[in-house]
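Colleague: Pasting in a structure now, in structure tokens, and then I'll have a few things to ask.
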Amino acid sequence: MILSALNDYYHRLAAQDKVPAFGYSDEKISYALLISPNGEVKDVLDVRDTSGKKPLPAPHTVPQPTKRTVGIKSNFLWDKSSYVLGVSAKTSERTAQEHEAFKNAHRTWLADSDDLGLKALLKFFDNWLPEHFFSLSCFKEEMLDANFIFRVDDGSRQYLHERPAAKMLRTKLLDEGETKKSLCLVTGECLTPARLHPAIKGVNGAQSSGASIVSFNLDAFASYGKEQGDNAPVSEAAAFAYTTVLNHLLRRGEHNRQRLQMGDASVVFWAIAEDTKKAEQAEELFALLMDPPPDDLSETEKLHSILDGVSKGRALHEMNPALDGATRFYVLGLAPNAARLSIRFWQADTLAVFVQRIAEHYRDLLLEPLPWKSEPALWRLLYATAPSRDGKAKAEDISPLLAGEVMRAILSGSRYPLSLLSNVIMRFGADGDISGLRVALCKAVLARNARLNHQPDKEIPVSFDSSHSNSAYRLGRLFAVLEGAQRAALGDQVNATIRDRYYGAASATPASIFPVLLRNAQNHLSKVRKEKPGLAYVLDADIGEILKEMGNSFPKNLSMESQGRFAIGFYHQLQARFSKKDKEKPTADTATENASGESP
């Protein structure tokens with residue numbers, strides 16, 4: 001299913017010339033060797049990308065590289081300096097072997113060609129000696145181990161691999177080789193199977209040389225005498241298609257919005273539709289929903305318009321004629337696993353279903369007053385589960401499994417993992433950062449459970465609700481009022497409040513902490529009455545109103561879900577206090593950044 005969907009997407013992009021044709025790939029090339037028709041070196045052309053501060057190898061569409069392990073294999077009409085020129089920064093006998101293999105392979109491949117450019121390359125091999133690299137002024141030490149392509153100085157601006165004769169020869173070489181055919185599991189056609197599949201690059205944490213989804217490299221994987229690619233026959237064309245399109249989706253760059261990083265999972269998504277415009281619009285909408293730009297007001301308004309429309313039952317095409325809810329949509333999460341890639345999650349459905357599920361996620365997350373200016377990107381939520389140091393969290397501290405489970409829950413509409421709730425609550429007690437984003441995650445888990453379990457009596461209030469009778473929620477409110485009394489008595493600059501010292505114990509074992517806190521609160525209120533009698537009256541009234549519904553007994557222990565309700569009550573009461581104090585003044589407690597990290 002995954003490979004088939006990727007294969008279909010490849011053909012959509014190939015029709016738009018957005019991905020290389022079969023047998024070609026985009027590789028990072030640094031230099032072009034300019035040779036005369038007689039095979040003499042005329043110059044070395046720098047084809048690197050010089051738009052930045054430092055020149056970097058630039059992507060060029062070249063014949064697809066051969067898959068190397070420990071063997072010596074040559075690429076067609078391009079390669080690194082050890083193969084092309086017989087020189088390398090590393091001193092090794094292997095360098096001479098690689099150069100010899102490159103020459104011999106091309107002498108075989110180009111033997112029957114009449115093209116002047118390809119003949120010039122053969123003459124170059126006859127003339128060239130590795131020692132020339134150090135004697136010719138056009139070569140520099142920085143060129144060692146870089147990738148080279150060729151161009152013949154005959155008035156043509158084409159590189160050697162772009163010449164029609166070279167392309168025809170490349171097609172012929174692809175058709176040669178094994179004549180064994182088998183049923184391709186992707187296309188259903190009887191074709192030559194790929195023994196080794198091209199490498200997939202760009203997955204965070206995987207090998208820089210690339211990794212594989214499909215591979216068999218041990219005897220234990222063999223069955224019925226079939227080895228390597230014969231175990232799961234995928235044709236050469238299909239293997240090329242799915243790996244090429246994955247490399248396209250995983251490419252890095254600010255203009256690629258079809259890739260997200262969720263913990264250790266590199267997430268890619270794409271749409272398939274008869275109308276290319278509808279597919280592209282679907283991908284743009286999904287990118288906006290998954291990763292809303294925090295500082296783009298127009299995009300935020302567009303997002304709110306879509307979410308409001310979906311909540312009112314409006315069809316996507318009513319909000320944007322270019323959107324078709326029936327468009328097929330695919331989301332794939334890949335995680336590193338040594339030389340292979342693990343499928344962290346795979347979701348396939350219509351665009352309308354995915355938009356509905358993401359809208360449900362934002363409704364479950366909704367908390368007032370809002371702790372964010374724009375809906376938080378899904379990757380940002382994961383930072384709230386990591387340790388916060390000076391208000392910042394790091395990606396490596398995010399649980400890999402949790403990231404995949406949260407993403408799967410959002411896309412499938414299923415329950416959030418309970419480990420999400422326990423992880424956030426643990427962070428409350430560990431670093432004392434009870435930020436709005438973390439509290440919103442607690443609310444999302446509890447709200448979704450209540451909805452899916454059809455338990456309206458367990459619904460979570462979105463905003464402050466003084467009439468909400470849940471004891472854990474009221475205990476959270478009480479804790480916030482007691483902290484307010486302490487701050488009023490000792491000032492906002494107090495080094496450590498009861499939140500810093502007792503939050504974890506108060507939310508887990510209330511009976512052991514609240515009697516002590518209430519006794520201390522009387523001392524704080526006594527001091528406040530002397531300086532701010534009006535404020536003391538309000539605080540005393542709040543304590544009395546909360547305790548009236550609870551009595552004087554406190555539960556010995558609170559479950560994990562009750563601790564989540566405790567956090568929500570604390571947040572609501574805290575924000576209500578700040579609203580009364582100064583409706584205009586922003587506060588540190590409402591800042592999303594308290595639980596945010598840097599964008600990956």
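So you can find residues: chains in the structure tokens are A, B, ... in the order shown, residues in each start at 1, and ligands are numbered from 1 in order.
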Step one, run DSSP on the backbone; step two, keep only residues of range 287-373 of chain A assigned to strand (DSSP E or B); then write them as a list in words.
Modeller: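 DSSP-assigned strand (DSSP E or B) residues in range 287-373 of chain A: Arg328, Phe329, Tyr330, Val331, Leu332, Gly333, Leu334, Ala335, Pro336, Asn337, Arg340, Leu341, Ser342, Ile343, Arg344, Phe345, Trp346, Gln347, Ala348, Asp349 and Thr350 of chain A.
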Colleague: Env of Pro294 in chain A: 10 Å cut, atoms = only C-alpha atoms, seq-sep filter 6 positions within chain, self excluded. Answer as a list in words.
Modeller: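 These residues fall inside the cut-off: Thr300, Trp372, Lys373, Ser374, Glu375, Pro376 and Ala377 of chain A.
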Colleague: Mind dumping the selected residues with N, CA, C and O atoms as a short mmCIF file (atom, residue, chain, number, x, y, z; two decimals), in the first residue's frame?
Modeller:
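Below is the file that was written, result-v7.cif:
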data_model
loop_
_atom_site.label_atom_id
_atom_site.label_comp_id
_atom_site.auth_asym_id
_atom_site.auth_seq_id
_atom_site.Cartn_x
_atom_site.Cartn_y
_atom_site.Cartn_z
N THR A 300 -3.06 32.77 9.78
CA THR A 300 -3.81 32.43 10.99
C THR A 300 -5.30 32.63 10.76
O THR A 300 -6.13 31.79 11.16
N TRP A 372 -1.96 30.89 23.50
CA TRP A 372 -1.21 31.07 22.26
C TRP A 372 -1.92 32.09 21.38
O TRP A 372 -3.12 32.35 21.52
N LYS A 373 -1.16 32.70 20.47
CA LYS A 373 -1.73 33.64 19.51
C LYS A 373 -2.32 32.89 18.32
O LYS A 373 -3.33 33.29 17.76
N SER A 374 -1.63 31.86 17.90
CA SER A 374 -2.10 31.01 16.81
C SER A 374 -2.03 29.57 17.27
O SER A 374 -1.21 29.22 18.13
N GLU A 375 -2.89 28.71 16.73
CA GLU A 375 -2.90 27.31 17.14
C GLU A 375 -1.49 26.73 17.08
O GLU A 375 -0.76 26.95 16.10
N PRO A 376 -1.08 26.02 18.12
CA PRO A 376 0.31 25.52 18.16
C PRO A 376 0.53 24.41 17.14
O PRO A 376 -0.31 23.51 16.98
N ALA A 377 1.65 24.48 16.44
CA ALA A 377 2.02 23.41 15.51
C ALA A 377 2.14 22.10 16.28
O ALA A 377 2.48 22.08 17.47
#
Colleague: Mind the document's chain letters and residue numbers, and return as a ChimeraX atom specification the residues of range 339-544 of chain A that DSSP labels helix (DSSP H, G or I).
Modeller: /A:351-365,378-383,395-397,400-412,418-431,436-452,456-458,471-490,498-508,510-531,533-544
Colleague: Kindly give the distance, in Å, that separates CA of Lys394 in chain A and CA of Trp379 in chain A, rounded to a single decimal.
Modeller: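 The value is 11.8 Å.
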Colleague: Of the candidates A:Phe133, A:Phe566, A:Tyr537, A:Phe464, which one gets nearest to Gly476 in chain A if we count only C-alpha atoms?
Modeller: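 Under the stated criterion, the closest residue is A:Phe566.
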Colleague: Enumerate, in order of chain and increasing residue number, the residues of range 165-219 of chain A with an atom no farther than 8 Å from range 321-341 of chain A, each with its shortest atom pair and distance in Å to one decimal, counting only C-alpha atoms, as CSV.
Modeller:
residue,atom,partner,partner_atom,distance
A:Val203,CA,A:Pro336,CA,6.7
A:Asn204,CA,A:Pro336,CA,6.9
A:Gly205,CA,A:Pro336,CA,5.6
A:Ala206,CA,A:Pro336,CA,4.7
A:Gln207,CA,A:Ala339,CA,6.5
A:Gly210,CA,A:Ala339,CA,7.5
A:Ala211,CA,A:Ala339,CA,4.9
A:Ser212,CA,A:Arg340,CA,4.7
A:Ile213,CA,A:Leu341,CA,5.2
A:Val214,CA,A:Arg340,CA,7.9
A:Ser215,CA,A:Arg340,CA,7.7
Colleague: Write to file, as an mmCIF file, in the first residue's frame, the residues of the selection just made, with all heavy atoms.
Modeller:
data_model
loop_
_atom_site.group_PDB
_atom_site.id
_atom_site.type_symbol
_atom_site.label_atom_id
_atom_site.label_comp_id
_atom_site.auth_asym_id
_atom_site.auth_seq_id
_atom_site.Cartn_x
_atom_site.Cartn_y
_atom_site.Cartn_z
ATOM 1 N N VAL A 203 16.208 11.277 6.250
ATOM 2 C CA VAL A 203 15.522 10.947 7.501
ATOM 3 C C VAL A 203 16.452 11.275 8.661
ATOM 4 O O VAL A 203 17.576 10.766 8.722
ATOM 5 C CB VAL A 203 15.116 9.459 7.539
ATOM 6 C CG1 VAL A 203 14.524 9.101 8.896
ATOM 7 C CG2 VAL A 203 14.128 9.159 6.434
ATOM 8 N N ASN A 204 15.999 12.123 9.566
ATOM 9 C CA ASN A 204 16.819 12.522 10.711
ATOM 10 C C ASN A 204 17.258 11.314 11.529
ATOM 11 O O ASN A 204 16.441 10.472 11.899
ATOM 12 C CB ASN A 204 16.035 13.468 11.621
ATOM 13 C CG ASN A 204 16.095 14.903 11.148
ATOM 14 O OD1 ASN A 204 16.496 15.167 10.013
ATOM 15 N ND2 ASN A 204 15.688 15.832 11.986
ATOM 16 N N GLY A 205 18.567 11.238 11.804
ATOM 17 C CA GLY A 205 19.107 10.159 12.617
ATOM 18 C C GLY A 205 19.529 8.936 11.847
ATOM 19 O O GLY A 205 20.216 8.072 12.398
ATOM 20 N N ALA A 206 19.127 8.825 10.572
ATOM 21 C CA ALA A 206 19.525 7.672 9.758
ATOM 22 C C ALA A 206 20.917 7.921 9.176
ATOM 23 O O ALA A 206 21.474 9.015 9.278
ATOM 24 C CB ALA A 206 18.521 7.438 8.636
ATOM 25 N N GLN A 207 21.495 6.907 8.567
ATOM 26 C CA GLN A 207 22.822 7.046 7.988
ATOM 27 C C GLN A 207 22.821 8.127 6.909
ATOM 28 O O GLN A 207 21.881 8.212 6.107
ATOM 29 C CB GLN A 207 23.278 5.713 7.389
ATOM 30 C CG GLN A 207 23.511 4.630 8.428
ATOM 31 C CD GLN A 207 23.991 3.330 7.819
ATOM 32 O OE1 GLN A 207 24.040 3.182 6.607
ATOM 33 N NE2 GLN A 207 24.353 2.365 8.658
ATOM 34 N N GLY A 210 22.272 7.155 3.391
ATOM 35 C CA GLY A 210 20.945 6.684 3.029
ATOM 36 C C GLY A 210 20.599 5.369 3.709
ATOM 37 O O GLY A 210 21.470 4.643 4.196
ATOM 38 N N ALA A 211 19.320 5.084 3.767
ATOM 39 C CA ALA A 211 18.831 3.854 4.393
ATOM 40 C C ALA A 211 17.730 3.264 3.519
ATOM 41 O O ALA A 211 17.364 3.844 2.492
ATOM 42 C CB ALA A 211 18.322 4.136 5.802
ATOM 43 N N SER A 212 17.204 2.120 3.933
ATOM 44 C CA SER A 212 16.245 1.407 3.096
ATOM 45 C C SER A 212 14.979 1.058 3.865
ATOM 46 O O SER A 212 15.012 0.826 5.075
ATOM 47 C CB SER A 212 16.866 0.110 2.563
ATOM 48 O OG SER A 212 18.001 0.376 1.775
ATOM 49 N N ILE A 213 13.864 1.023 3.151
ATOM 50 C CA ILE A 213 12.625 0.481 3.693
ATOM 51 C C ILE A 213 12.552 -1.011 3.387
ATOM 52 O O ILE A 213 12.144 -1.808 4.219
ATOM 53 C CB ILE A 213 11.403 1.203 3.087
ATOM 54 C CG1 ILE A 213 11.340 2.656 3.584
ATOM 55 C CG2 ILE A 213 10.118 0.477 3.447
ATOM 56 C CD1 ILE A 213 10.177 3.437 3.010
ATOM 57 N N VAL A 214 12.979 -1.370 2.178
ATOM 58 C CA VAL A 214 12.959 -2.775 1.740
ATOM 59 C C VAL A 214 14.392 -3.234 1.519
ATOM 60 O O VAL A 214 15.092 -2.689 0.668
ATOM 61 C CB VAL A 214 12.153 -2.931 0.435
ATOM 62 C CG1 VAL A 214 12.129 -4.402 0.004
ATOM 63 C CG2 VAL A 214 10.738 -2.403 0.603
ATOM 64 N N SER A 215 14.851 -4.213 2.288
ATOM 65 C CA SER A 215 16.192 -4.761 2.068
ATOM 66 C C SER A 215 16.314 -6.096 2.788
ATOM 67 O O SER A 215 15.676 -6.322 3.815
ATOM 68 C CB SER A 215 17.280 -3.799 2.574
ATOM 69 O OG SER A 215 17.235 -3.698 3.986
#
Colleague: Do you know which residues are at most 9 Å from Glu98 in chain A counting only C-alpha atoms, after dropping those on the same chain fewer than 6 positions away, and could you put them as number ranges by chain?
Modeller: A: 72-74, 82-84, 86
